[in-house]
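Chemist: Dropping in target-v5.cif, with mmCIF, C-alpha atoms.
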data_input
#
loop_
_atom_site.label_atom_id
_atom_site.label_comp_id
_atom_site.auth_asym_id
_atom_site.auth_seq_id
_atom_site.Cartn_x
_atom_site.Cartn_y
_atom_site.Cartn_z
CA MET A 1 -28.33 -15.67 -78.78
CA LYS A 2 -31.76 -17.08 -79.58
CA LYS A 3 -31.89 -20.82 -79.03
CA PHE A 4 -35.28 -21.52 -80.51
CA ASN A 5 -34.67 -20.28 -84.06
CA ASP A 6 -37.57 -22.18 -85.54
CA ILE A 7 -40.00 -20.19 -83.41
CA PRO A 8 -40.88 -16.78 -84.93
CA ASP A 9 -39.75 -13.76 -82.92
CA LYS A 10 -43.16 -12.15 -83.28
CA ASN A 11 -44.85 -11.21 -80.03
CA PRO A 12 -47.76 -13.66 -79.68
CA PHE A 13 -49.73 -11.46 -77.29
CA LYS A 14 -52.11 -8.73 -78.38
CA VAL A 15 -53.52 -5.67 -76.66
CA PRO A 16 -56.74 -3.75 -77.36
CA GLU A 17 -56.47 -1.00 -79.98
CA SER A 18 -54.86 2.25 -78.73
CA TYR A 19 -54.26 0.56 -75.40
CA PHE A 20 -50.89 2.21 -74.72
CA GLU A 21 -52.11 5.77 -75.47
CA GLN A 22 -55.04 5.19 -73.11
CA VAL A 23 -53.07 3.56 -70.34
CA ASN A 24 -50.43 6.32 -70.43
CA ARG A 25 -53.14 8.95 -70.00
CA LYS A 26 -54.75 6.87 -67.24
CA ILE A 27 -51.44 6.55 -65.36
CA ILE A 28 -50.68 10.28 -65.61
CA SER A 29 -54.12 11.28 -64.35
CA ALA A 30 -54.14 8.56 -61.64
CA THR A 31 -50.78 9.57 -60.21
CA SER A 32 -51.82 13.21 -59.85
CA GLY A 33 -54.08 12.04 -56.99
CA TYR A 34 -51.24 10.37 -55.12
CA GLU A 35 -48.92 12.11 -52.73
CA GLN A 36 -45.25 11.42 -53.18
CA GLU A 37 -43.36 9.74 -50.40
CA VAL A 38 -40.75 12.07 -49.02
CA ARG A 39 -37.93 10.26 -47.38
CA LYS A 40 -38.66 10.93 -43.74
CA VAL A 41 -35.84 10.88 -41.27
CA ASN A 42 -37.47 9.61 -38.12
CA PHE A 43 -36.09 9.76 -34.59
CA TYR A 44 -34.43 6.33 -34.85
CA ASN A 45 -32.70 7.09 -38.17
CA ARG A 46 -31.49 10.48 -37.01
CA PHE A 47 -29.92 9.17 -33.78
CA ARG A 48 -29.26 5.65 -35.03
CA THR A 49 -25.49 5.72 -34.45
CA SER A 50 -25.79 7.28 -30.99
CA ILE A 51 -28.52 4.77 -30.00
CA LEU A 52 -26.39 1.84 -31.17
CA ILE A 53 -23.31 3.11 -29.30
CA ALA A 54 -25.33 3.70 -26.12
CA ALA A 55 -26.91 0.24 -26.39
CA SER A 56 -23.48 -1.38 -26.90
CA VAL A 57 -21.96 0.41 -23.90
CA GLY A 58 -25.00 -0.45 -21.76
CA GLY A 59 -24.80 -4.09 -22.84
CA PHE A 60 -21.08 -4.21 -22.08
CA ILE A 61 -21.59 -2.77 -18.58
CA LEU A 62 -24.42 -5.21 -17.87
CA ILE A 63 -22.37 -8.22 -19.02
CA SER A 64 -19.32 -7.07 -17.03
CA PHE A 65 -21.42 -6.60 -13.89
CA ALA A 66 -23.00 -10.05 -14.29
CA ALA A 67 -19.57 -11.62 -14.89
CA ILE A 68 -18.05 -9.96 -11.80
CA LYS A 69 -21.05 -10.98 -9.71
CA LEU A 70 -20.91 -14.59 -10.86
CA LEU A 71 -17.15 -15.10 -10.73
CA THR A 72 -16.39 -13.42 -7.37
CA PRO A 73 -16.92 -15.70 -4.27
CA ASP A 74 -19.70 -14.55 -1.92
CA LYS A 75 -18.09 -12.54 0.87
CA ARG A 76 -20.78 -13.34 3.47
CA ASN A 77 -20.47 -17.13 3.02
CA PHE A 78 -16.74 -16.75 3.20
CA GLU A 79 -16.94 -14.97 6.55
CA VAL A 80 -19.29 -17.57 8.11
CA SER A 81 -17.10 -20.49 7.05
CA GLN A 82 -14.04 -18.62 8.27
CA VAL A 83 -15.67 -18.04 11.69
CA LEU A 84 -16.75 -21.67 11.97
CA HIS A 85 -13.27 -22.77 11.11
CA GLU A 86 -11.76 -20.63 13.81
CA ILE A 87 -13.98 -22.00 16.64
CA ASN A 88 -12.22 -24.56 18.84
CA PRO A 89 -14.57 -27.55 19.59
CA ASP A 90 -13.23 -27.65 23.17
CA SER A 91 -14.41 -24.14 23.80
CA ILE A 92 -17.96 -25.22 22.89
CA ILE A 93 -17.88 -28.00 25.51
CA ASN A 94 -16.54 -25.57 28.08
CA ASP A 95 -19.43 -23.27 27.45
CA ILE A 96 -22.04 -25.94 28.30
CA ASP A 97 -23.45 -25.74 31.80
CA LEU A 98 -22.82 -29.33 32.98
CA SER A 99 -24.83 -29.12 36.17
CA LEU A 100 -27.90 -27.99 34.26
CA LEU A 101 -27.40 -30.77 31.73
CA GLU A 102 -27.08 -33.38 34.47
CA GLU A 103 -30.20 -32.17 36.21
CA ASN A 104 -32.28 -32.33 32.99
CA ALA A 105 -30.89 -35.71 31.99
CA SER A 106 -31.51 -37.36 35.36
CA SER A 107 -35.09 -36.18 35.42
CA ILE A 108 -35.69 -37.87 32.04
CA VAL A 109 -33.74 -41.06 32.75
CA LEU A 110 -34.93 -41.68 36.26
CA SER A 111 -38.57 -40.68 36.15
CA GLU A 112 -40.90 -43.63 35.67
CA GLU A 113 -43.20 -41.69 33.34
CA GLY A 114 -40.58 -40.88 30.74
CA THR A 115 -39.26 -44.42 30.30
CA ASP A 116 -40.27 -48.06 30.06
CA VAL A 117 -37.33 -49.15 32.21
CA SER A 118 -38.28 -49.72 35.89
CA LYS A 119 -36.09 -48.94 38.95
CA LYS A 120 -35.73 -52.66 39.51
CA ASP A 121 -34.31 -53.19 36.03
CA ILE A 122 -31.80 -50.41 36.58
CA ILE A 123 -30.69 -51.86 39.94
CA ASP A 124 -30.34 -55.34 38.40
CA TYR A 125 -28.28 -53.91 35.52
CA LEU A 126 -25.99 -51.98 37.86
CA LEU A 127 -25.52 -54.99 40.16
CA LEU A 128 -24.57 -57.09 37.15
CA ASN A 129 -21.90 -54.50 36.39
CA ASN A 130 -20.51 -54.72 39.94
CA VAL A 131 -21.70 -51.34 41.10
CA ASP A 132 -21.90 -50.97 44.85
CA ILE A 133 -25.51 -51.38 46.11
CA ASN A 134 -25.08 -48.56 48.59
CA ASP A 135 -24.06 -46.16 45.84
CA ILE A 136 -27.10 -47.20 43.88
CA TYR A 137 -29.55 -46.47 46.70
CA GLU A 138 -27.80 -43.26 47.49
CA GLN A 139 -28.35 -42.07 43.93
CA LEU A 140 -31.99 -43.19 43.79
CA MET B 1 -35.29 1.34 -82.87
CA LYS B 2 -34.52 0.55 -79.26
CA LEU B 3 -36.74 2.32 -76.75
CA ASN B 4 -33.72 3.18 -74.61
CA SER B 5 -32.36 5.38 -77.41
CA ILE B 6 -35.42 7.68 -77.44
CA ARG B 7 -34.19 9.68 -74.47
CA PRO B 8 -31.26 8.66 -72.31
CA ASP B 9 -32.20 7.66 -68.77
CA ASP B 10 -29.71 10.17 -67.36
CA ASN B 11 -31.69 13.02 -68.97
CA ILE B 12 -34.93 11.64 -67.53
CA SER B 13 -33.35 11.33 -64.07
CA GLU B 14 -32.24 14.97 -64.28
CA LEU B 15 -35.64 16.08 -65.53
CA LEU B 16 -37.34 14.24 -62.64
CA LYS B 17 -35.40 16.49 -60.28
CA THR B 18 -36.08 19.79 -62.07
CA ASP B 19 -39.52 19.24 -63.63
CA LEU B 20 -41.16 16.23 -62.02
CA ASN B 21 -44.39 16.19 -64.04
CA THR B 22 -42.68 16.43 -67.43
CA GLY B 23 -40.00 13.96 -66.38
CA PHE B 24 -42.62 11.46 -65.21
CA ARG B 25 -44.68 11.82 -68.41
CA ILE B 26 -41.58 11.09 -70.53
CA LEU B 27 -40.74 8.14 -68.28
CA VAL B 28 -44.23 6.66 -68.72
CA GLU B 29 -44.13 7.17 -72.50
CA LYS B 30 -40.72 5.58 -72.78
CA TYR B 31 -41.24 2.58 -70.53
CA SER B 32 -44.95 1.71 -70.43
CA GLN B 33 -44.81 -0.63 -73.47
CA LYS B 34 -41.57 -2.30 -72.48
CA LEU B 35 -42.74 -2.89 -68.91
CA TYR B 36 -46.18 -3.99 -70.10
CA TRP B 37 -44.72 -6.79 -72.26
CA HIS B 38 -42.40 -7.87 -69.46
CA ILE B 39 -45.34 -8.07 -67.05
CA ARG B 40 -47.63 -9.65 -69.65
CA ARG B 41 -45.20 -12.49 -70.32
CA LEU B 42 -45.26 -13.28 -66.60
CA VAL B 43 -48.96 -12.84 -65.79
CA ILE B 44 -50.22 -13.90 -69.27
CA LEU B 45 -53.64 -12.23 -69.05
CA HIS B 46 -54.08 -8.70 -70.40
CA GLU B 47 -56.35 -7.58 -67.54
CA ASP B 48 -53.71 -8.67 -64.98
CA ALA B 49 -50.91 -7.02 -66.95
CA ASP B 50 -52.94 -3.81 -67.17
CA ASP B 51 -53.45 -3.77 -63.36
CA ALA B 52 -49.80 -4.56 -62.67
CA LEU B 53 -48.57 -1.90 -65.09
CA GLN B 54 -50.70 0.83 -63.51
CA ASN B 55 -49.63 -0.28 -60.01
CA THR B 56 -46.01 -0.20 -61.16
CA PHE B 57 -46.20 3.44 -62.28
CA ILE B 58 -48.20 4.49 -59.21
CA ASN B 59 -45.43 2.98 -57.04
CA VAL B 60 -42.79 4.66 -59.19
CA TRP B 61 -44.53 8.01 -58.73
CA LYS B 62 -44.94 7.55 -54.99
CA SER B 63 -41.34 6.53 -54.39
CA ILE B 64 -39.54 8.62 -57.01
CA GLY B 65 -38.24 10.87 -54.22
CA ASN B 66 -36.42 7.85 -52.78
CA PHE B 67 -34.84 6.91 -56.12
CA ARG B 68 -31.13 7.51 -56.00
CA SER B 69 -29.95 8.95 -59.29
CA GLU B 70 -26.72 6.95 -59.18
CA SER B 71 -28.75 3.73 -59.61
CA SER B 72 -30.05 2.73 -63.01
CA LEU B 73 -33.56 3.96 -63.76
CA TYR B 74 -34.07 1.04 -66.15
CA THR B 75 -33.29 -1.69 -63.60
CA TRP B 76 -35.20 0.15 -60.84
CA LEU B 77 -38.33 0.18 -63.03
CA TYR B 78 -37.94 -3.50 -63.91
CA THR B 79 -37.59 -4.39 -60.23
CA ILE B 80 -40.87 -2.65 -59.38
CA ALA B 81 -42.65 -4.13 -62.42
CA THR B 82 -41.43 -7.66 -61.60
CA ASN B 83 -42.62 -7.32 -58.00
CA GLU B 84 -46.03 -6.10 -59.17
CA ALA B 85 -46.31 -9.00 -61.62
CA LEU B 86 -45.40 -11.50 -58.88
CA ALA B 87 -47.98 -9.93 -56.55
CA ILE B 88 -50.68 -10.46 -59.22
CA ILE B 89 -49.53 -14.07 -59.82
CA ASN B 90 -49.65 -14.83 -56.09
CA LYS B 91 -53.09 -13.27 -55.80
CA ARG B 92 -54.32 -15.41 -58.69
CA LYS B 93 -52.76 -18.54 -57.16
CA ARG B 94 -54.55 -17.87 -53.87
CA ASN B 95 -57.93 -17.40 -55.58
CA ALA B 96 -57.59 -20.19 -58.15
CA ALA B 97 -59.37 -23.50 -57.57
CA VAL B 98 -57.05 -25.24 -60.08
CA SER B 99 -53.39 -24.71 -60.89
CA PHE B 100 -52.45 -22.92 -64.10
CA ASP B 101 -49.95 -25.12 -65.88
CA ASP B 102 -50.81 -24.17 -69.47
CA LEU B 103 -52.27 -21.25 -71.37
CA ASP B 104 -55.65 -22.94 -71.88
CA SER B 105 -56.30 -23.19 -68.14
CA TYR B 106 -54.96 -19.68 -67.73
CA PHE B 107 -57.28 -18.32 -70.42
CA ALA B 108 -60.19 -20.35 -69.06
CA SER B 109 -59.99 -18.19 -65.95
CA SER B 110 -60.66 -15.09 -68.02
CA LEU B 111 -63.26 -14.52 -70.74
CA GLU B 112 -61.10 -12.11 -72.69
CA GLY B 113 -57.73 -13.75 -72.16
CA SER B 114 -57.60 -15.90 -75.30
CA THR B 115 -58.78 -12.96 -77.43
CA TRP B 116 -55.41 -11.31 -76.84
CA PHE B 117 -53.23 -14.18 -77.98
CA ASP B 118 -52.61 -14.66 -81.70
CA GLY B 119 -49.46 -16.73 -81.72
CA ASP B 120 -49.04 -19.76 -83.96
CA GLU B 121 -48.68 -23.33 -82.73
CA ALA B 122 -44.91 -23.04 -82.17
CA GLN B 123 -45.33 -19.86 -80.11
CA LEU B 124 -48.09 -21.46 -78.09
CA LYS B 125 -45.77 -24.40 -77.40
CA LEU B 126 -42.97 -22.06 -76.31
CA GLN B 127 -45.27 -20.06 -74.00
CA ASN B 128 -46.66 -23.29 -72.48
CA ALA B 129 -43.12 -24.56 -71.91
CA ILE B 130 -42.13 -21.26 -70.23
CA LEU B 131 -45.21 -21.52 -67.98
CA LYS B 132 -43.98 -24.90 -66.74
CA LEU B 133 -40.72 -23.39 -65.42
CA PRO B 134 -40.28 -22.49 -61.76
CA GLU B 135 -41.15 -18.81 -61.13
CA LYS B 136 -37.57 -17.50 -60.81
CA GLN B 137 -36.36 -19.39 -63.89
CA ARG B 138 -39.34 -18.05 -65.83
CA ILE B 139 -38.42 -14.45 -64.97
CA VAL B 140 -34.74 -15.03 -65.82
CA PHE B 141 -35.61 -16.69 -69.13
CA ASN B 142 -38.03 -13.90 -70.15
CA LEU B 143 -35.63 -11.09 -69.23
CA LYS B 144 -32.78 -12.70 -71.16
CA TYR B 145 -34.62 -14.16 -74.13
CA PHE B 146 -37.25 -11.51 -74.84
CA ASP B 147 -35.94 -8.33 -73.16
CA GLU B 148 -32.32 -9.17 -74.02
CA MET B 149 -31.22 -7.88 -70.62
CA THR B 150 -27.57 -8.38 -69.65
CA TYR B 151 -26.75 -10.57 -66.64
CA GLU B 152 -25.33 -7.53 -64.88
CA GLU B 153 -28.61 -5.62 -65.24
CA MET B 154 -30.61 -8.71 -64.34
CA SER B 155 -28.53 -9.17 -61.22
CA ARG B 156 -29.56 -5.66 -60.10
CA VAL B 157 -33.25 -6.32 -60.87
CA LEU B 158 -33.45 -9.71 -59.14
CA LYS B 159 -30.78 -9.13 -56.44
CA THR B 160 -29.10 -12.40 -57.47
CA SER B 161 -25.50 -13.11 -58.47
CA GLU B 162 -24.65 -13.21 -62.17
CA GLY B 163 -23.35 -16.78 -61.81
CA ALA B 164 -26.66 -17.98 -60.36
CA LEU B 165 -28.57 -16.20 -63.14
CA LYS B 166 -26.43 -17.79 -65.87
CA ALA B 167 -27.02 -21.23 -64.35
CA SER B 168 -30.73 -20.50 -64.04
CA TYR B 169 -31.00 -19.41 -67.70
CA HIS B 170 -29.02 -22.46 -68.84
CA HIS B 171 -31.41 -24.80 -66.96
CA ALA B 172 -34.44 -22.95 -68.29
CA VAL B 173 -33.29 -23.25 -71.92
CA LYS B 174 -32.58 -26.96 -71.44
CA LYS B 175 -35.98 -27.61 -69.84
CA ILE B 176 -37.87 -25.65 -72.50
CA GLY B 177 -36.03 -27.55 -75.25
CA ASN B 178 -36.98 -30.88 -73.67
CA ILE B 179 -40.62 -29.84 -73.19
CA ILE B 180 -40.95 -28.65 -76.80
CA VAL B 181 -39.31 -31.81 -78.22
CA ASN B 182 -41.32 -34.22 -76.06
CA ASP B 183 -44.65 -32.41 -76.29
#
Just dump the structure as structure tokens.

Modeler:
Amino acid sequence: MKKFNDIPDKNPFKVPESYFEQVNRKIISATSGYEQEVRKVNFYNRFRTSILIAASVGGFILISFAAIKLLTPDKRNFEVSQVLHEINPDSIINDIDLSLLEENASSIVLSEEGTDVSKKDIIDYLLLNNVDINDIYEQL
Amino acid sequence: MKLNSIRPDDNISELLKTDLNTGFRILVEKYSQKLYWHIRRLVILHEDADDALQNTFINVWKSIGNFRSESSLYTWLYTIATNEALAIINKRKRNAAVSFDDLDSYFASSLEGSTWFDGDEAQLKLQNAILKLPEKQRIVFNLKYFDEMTYEEMSRVLKTSEGALKASYHHAVKKIGNIIVND
């Protein structure tokens, strides 16, 4: 239904004389120089379904592998913690060579070079703590 | 006489399969005028419409092998013609120093443009009002008002729902009415 009835229906645009006969001829002769596009089925289109299925399966495997890897606890860490848990602290102490430890410790504690504390200070300290003087000189 | 009644599109589609050159010649003869006026109403200038029309048929020729006969030849041709017209409009917009919001500025861009318009004052007003519409509304209005295309056909040409097209046409008519009254 025309809404603008007061406006004449006449086409207000003009074309040059015999335009349509000329343009039709022009189009027909112009198109003879153009090749037609033949619908080409390329590699992707031909194997599209197979490629999509393969990609989906591959994606599923990848995601599953990543999920298993992330959600399963690390076996190596588990073994280390298990081993540490099983070790009795007493057995560690038993394994230490006490005589060697004593020898190394006394050389550090009692040598004058390794410490600022003099022999006199040690003797005074031990006397204050009621240690027998003879024991002290025996040790020194 | 309606151009569509000259030779049914089904016959042309069949002929395009059996005798391509004859089928194409009949197609050009049947549709060149109709498509020209559709393009012309969008691009306004004859020289632009001439370019767009030739490009339309060259594209039709090149891609006729891809045309599926179950689709409508008429709407397929209008889709290509509309796209060619829009390509010309966009090209002109890119190259234009000023915007074209009325026929005078449009014609000023071409020496021959105004020579090919012989409408009266009312028609000039209507064309100026149509030019002020947004692009999509302008196409919808032209297809409905001048080409008397159904919403179903238009929906196939513009790939838009019929509801949206009806709303678009309604807005366009309202806007044009206001522009004409207030101008």

Chemist: Using all atoms listed in the file, which protein or nucleic acid residues come within 12 Å of Leu20 of chain B? Drop anything in the same chain fewer than 2 positions from it, and give the result as an mmCIF file with C-alpha atoms, keeping the file's coordinate frame.

Modeler:
data_model
loop_
_atom_site.group_PDB
_atom_site.id
_atom_site.type_symbol
_atom_site.label_atom_id
_atom_site.label_comp_id
_atom_site.auth_asym_id
_atom_site.auth_seq_id
_atom_site.Cartn_x
_atom_site.Cartn_y
_atom_site.Cartn_z
ATOM 1 C CA ILE A 28 -50.680 10.280 -65.610
ATOM 2 C CA THR A 31 -50.780 9.570 -60.210
ATOM 3 C CA SER A 32 -51.820 13.210 -59.850
ATOM 4 C CA GLN A 36 -45.250 11.420 -53.180
ATOM 5 C CA ILE B 12 -34.930 11.640 -67.530
ATOM 6 C CA SER B 13 -33.350 11.330 -64.070
ATOM 7 C CA GLU B 14 -32.240 14.970 -64.280
ATOM 8 C CA LEU B 15 -35.640 16.080 -65.530
ATOM 9 C CA LEU B 16 -37.340 14.240 -62.640
ATOM 10 C CA LYS B 17 -35.400 16.490 -60.280
ATOM 11 C CA THR B 18 -36.080 19.790 -62.070
ATOM 12 C CA THR B 22 -42.680 16.430 -67.430
ATOM 13 C CA GLY B 23 -40.000 13.960 -66.380
ATOM 14 C CA PHE B 24 -42.620 11.460 -65.210
ATOM 15 C CA ARG B 25 -44.680 11.820 -68.410
ATOM 16 C CA ILE B 26 -41.580 11.090 -70.530
ATOM 17 C CA LEU B 27 -40.740 8.140 -68.280
ATOM 18 C CA TRP B 61 -44.530 8.010 -58.730
ATOM 19 C CA LYS B 62 -44.940 7.550 -54.990
ATOM 20 C CA ILE B 64 -39.540 8.620 -57.010
ATOM 21 C CA GLY B 65 -38.240 10.870 -54.220
#

Chemist: Show me which bits of chain B are within 8 Å of chain A, counting all atoms listed in the file, as a PyMOL selection string.

Modeler: chain B and resi 25+28-29+32-33+46+54+57-58+61-66+115-120+122-124+126+145+173

Chemist: As a check of understanding, name the residues that the PyMOL selection byres ((chain B and resi 75) around 12) selects in the supplied structure, as a ChimeraX atom specification.

Modeler: /B:9,31,35,67,69-74,76-82,143,147,149-159

Chemist: Check the smallest atom-to-atom distance from each of B:Asn83, B:Asn128, B:Asn11, B:Ser161 to Gly177 of chain B using all atoms listed in the file, then report the winner.

Modeler: B:Asn128

Chemist: Write out as an mmCIF file with C-alpha atoms, keeping the file's coordinate frame which residues come within 9 Å of Arg41 of chain B when counting all atoms listed in the file, dropping same-chain ones fewer than 4 positions away.

Modeler:
data_model
loop_
_atom_site.group_PDB
_atom_site.id
_atom_site.type_symbol
_atom_site.label_atom_id
_atom_site.label_comp_id
_atom_site.auth_asym_id
_atom_site.auth_seq_id
_atom_site.Cartn_x
_atom_site.Cartn_y
_atom_site.Cartn_z
ATOM 1 C CA PHE A 13 -49.730 -11.460 -77.290
ATOM 2 C CA TYR B 36 -46.180 -3.990 -70.100
ATOM 3 C CA TRP B 37 -44.720 -6.790 -72.260
ATOM 4 C CA LEU B 45 -53.640 -12.230 -69.050
ATOM 5 C CA ALA B 49 -50.910 -7.020 -66.950
ATOM 6 C CA GLN B 127 -45.270 -20.060 -74.000
ATOM 7 C CA ILE B 139 -38.420 -14.450 -64.970
ATOM 8 C CA ASN B 142 -38.030 -13.900 -70.150
#

Chemist: Record the distance separating atom CA of Lys30 of chain B and atom CA of Ile44 of chain B, expressed in Å with one decimal.

Modeler: 22.0 Å

Chemist: Mind filling out segment 43-70 of chain A with N, CA and C atoms and sending it as a PDB file, in the coordinates of the input?

Modeler:
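Output (out-v7.pdb):
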ATOM      1  N   PHE A  43     -36.948   9.639 -35.765  1.00  0.00           N
ATOM      2  CA  PHE A  43     -36.090   9.760 -34.590  1.00  0.00           C
ATOM      3  C   PHE A  43     -34.997   8.694 -34.584  1.00  0.00           C
ATOM      4  N   TYR A  44     -35.395   7.434 -34.895  1.00  0.00           N
ATOM      5  CA  TYR A  44     -34.430   6.330 -34.850  1.00  0.00           C
ATOM      6  C   TYR A  44     -33.312   6.542 -35.870  1.00  0.00           C
ATOM      7  N   ASN A  45     -33.714   6.914 -37.124  1.00  0.00           N
ATOM      8  CA  ASN A  45     -32.700   7.090 -38.170  1.00  0.00           C
ATOM      9  C   ASN A  45     -31.751   8.241 -37.850  1.00  0.00           C
ATOM     10  N   ARG A  46     -32.324   9.301 -37.287  1.00  0.00           N
ATOM     11  CA  ARG A  46     -31.490  10.480 -37.010  1.00  0.00           C
ATOM     12  C   ARG A  46     -30.443  10.166 -35.954  1.00  0.00           C
ATOM     13  N   PHE A  47     -30.856   9.445 -34.897  1.00  0.00           N
ATOM     14  CA  PHE A  47     -29.920   9.170 -33.780  1.00  0.00           C
ATOM     15  C   PHE A  47     -29.471   7.711 -33.772  1.00  0.00           C
ATOM     16  N   ARG A  48     -29.552   7.074 -34.944  1.00  0.00           N
ATOM     17  CA  ARG A  48     -29.260   5.650 -35.030  1.00  0.00           C
ATOM     18  C   ARG A  48     -27.889   5.293 -34.451  1.00  0.00           C
ATOM     19  N   THR A  49     -26.851   6.035 -34.893  1.00  0.00           N
ATOM     20  CA  THR A  49     -25.490   5.720 -34.450  1.00  0.00           C
ATOM     21  C   THR A  49     -25.358   5.888 -32.943  1.00  0.00           C
ATOM     22  N   SER A  50     -25.899   7.020 -32.431  1.00  0.00           N
ATOM     23  CA  SER A  50     -25.790   7.280 -30.990  1.00  0.00           C
ATOM     24  C   SER A  50     -26.525   6.205 -30.200  1.00  0.00           C
ATOM     25  N   ILE A  51     -27.731   5.795 -30.702  1.00  0.00           N
ATOM     26  CA  ILE A  51     -28.520   4.770 -30.000  1.00  0.00           C
ATOM     27  C   ILE A  51     -27.749   3.457 -29.974  1.00  0.00           C
ATOM     28  N   LEU A  52     -27.130   3.109 -31.101  1.00  0.00           N
ATOM     29  CA  LEU A  52     -26.390   1.840 -31.170  1.00  0.00           C
ATOM     30  C   LEU A  52     -25.178   1.855 -30.243  1.00  0.00           C
ATOM     31  N   ILE A  53     -24.474   3.010 -30.196  1.00  0.00           N
ATOM     32  CA  ILE A  53     -23.310   3.110 -29.300  1.00  0.00           C
ATOM     33  C   ILE A  53     -23.755   2.986 -27.850  1.00  0.00           C
ATOM     34  N   ALA A  54     -24.831   3.721 -27.496  1.00  0.00           N
ATOM     35  CA  ALA A  54     -25.330   3.700 -26.120  1.00  0.00           C
ATOM     36  C   ALA A  54     -25.775   2.276 -25.730  1.00  0.00           C
ATOM     37  N   ALA A  55     -26.442   1.602 -26.668  1.00  0.00           N
ATOM     38  CA  ALA A  55     -26.910   0.240 -26.390  1.00  0.00           C
ATOM     39  C   ALA A  55     -25.730  -0.700 -26.198  1.00  0.00           C
ATOM     40  N   SER A  56     -24.661  -0.519 -27.012  1.00  0.00           N
ATOM     41  CA  SER A  56     -23.480  -1.380 -26.900  1.00  0.00           C
ATOM     42  C   SER A  56     -22.778  -1.173 -25.558  1.00  0.00           C
ATOM     43  N   VAL A  57     -22.615   0.102 -25.177  1.00  0.00           N
ATOM     44  CA  VAL A  57     -21.960   0.410 -23.900  1.00  0.00           C
ATOM     45  C   VAL A  57     -22.783  -0.150 -22.748  1.00  0.00           C
ATOM     46  N   GLY A  58     -24.107   0.065 -22.804  1.00  0.00           N
ATOM     47  CA  GLY A  58     -25.000  -0.450 -21.760  1.00  0.00           C
ATOM     48  C   GLY A  58     -24.915  -1.959 -21.645  1.00  0.00           C
ATOM     49  N   GLY A  59     -24.911  -2.622 -22.804  1.00  0.00           N
ATOM     50  CA  GLY A  59     -24.800  -4.090 -22.840  1.00  0.00           C
ATOM     51  C   GLY A  59     -23.494  -4.552 -22.248  1.00  0.00           C
ATOM     52  N   PHE A  60     -22.402  -3.848 -22.582  1.00  0.00           N
ATOM     53  CA  PHE A  60     -21.080  -4.210 -22.080  1.00  0.00           C
ATOM     54  C   PHE A  60     -21.032  -4.090 -20.558  1.00  0.00           C
ATOM     55  N   ILE A  61     -21.588  -2.995 -20.037  1.00  0.00           N
ATOM     56  CA  ILE A  61     -21.590  -2.770 -18.580  1.00  0.00           C
ATOM     57  C   ILE A  61     -22.384  -3.865 -17.880  1.00  0.00           C
ATOM     58  N   LEU A  62     -23.539  -4.188 -18.456  1.00  0.00           N
ATOM     59  CA  LEU A  62     -24.420  -5.210 -17.870  1.00  0.00           C
ATOM     60  C   LEU A  62     -23.723  -6.570 -17.819  1.00  0.00           C
ATOM     61  N   ILE A  63     -23.072  -6.926 -18.945  1.00  0.00           N
ATOM     62  CA  ILE A  63     -22.370  -8.220 -19.020  1.00  0.00           C
ATOM     63  C   ILE A  63     -21.208  -8.251 -18.033  1.00  0.00           C
ATOM     64  N   SER A  64     -20.462  -7.134 -17.955  1.00  0.00           N
ATOM     65  CA  SER A  64     -19.320  -7.070 -17.030  1.00  0.00           C
ATOM     66  C   SER A  64     -19.790  -7.227 -15.589  1.00  0.00           C
ATOM     67  N   PHE A  65     -20.888  -6.529 -15.251  1.00  0.00           N
ATOM     68  CA  PHE A  65     -21.420  -6.600 -13.890  1.00  0.00           C
ATOM     69  C   PHE A  65     -21.831  -8.029 -13.554  1.00  0.00           C
ATOM     70  N   ALA A  66     -22.532  -8.667 -14.517  1.00  0.00           N
ATOM     71  CA  ALA A  66     -23.000 -10.050 -14.290  1.00  0.00           C
ATOM     72  C   ALA A  66     -21.805 -10.979 -14.122  1.00  0.00           C
ATOM     73  N   ALA A  67     -20.751 -10.767 -14.952  1.00  0.00           N
ATOM     74  CA  ALA A  67     -19.570 -11.620 -14.890  1.00  0.00           C
ATOM     75  C   ALA A  67     -18.856 -11.478 -13.546  1.00  0.00           C
ATOM     76  N   ILE A  68     -18.715 -10.216 -13.086  1.00  0.00           N
ATOM     77  CA  ILE A  68     -18.050  -9.960 -11.800  1.00  0.00           C
ATOM     78  C   ILE A  68     -18.837 -10.615 -10.674  1.00  0.00           C
ATOM     79  N   LYS A  69     -20.146 -10.463 -10.747  1.00  0.00           N
ATOM     80  CA  LYS A  69     -21.050 -10.980  -9.710  1.00  0.00           C
ATOM     81  C   LYS A  69     -20.957 -12.507  -9.633  1.00  0.00           C
ATOM     82  N   LEU A  70     -20.902 -13.133 -10.818  1.00  0.00           N
ATOM     83  CA  LEU A  70     -20.910 -14.590 -10.860  1.00  0.00           C
ATOM     84  C   LEU A  70     -19.550 -15.187 -10.493  1.00  0.00           C
TER      85      LEU A  70
END
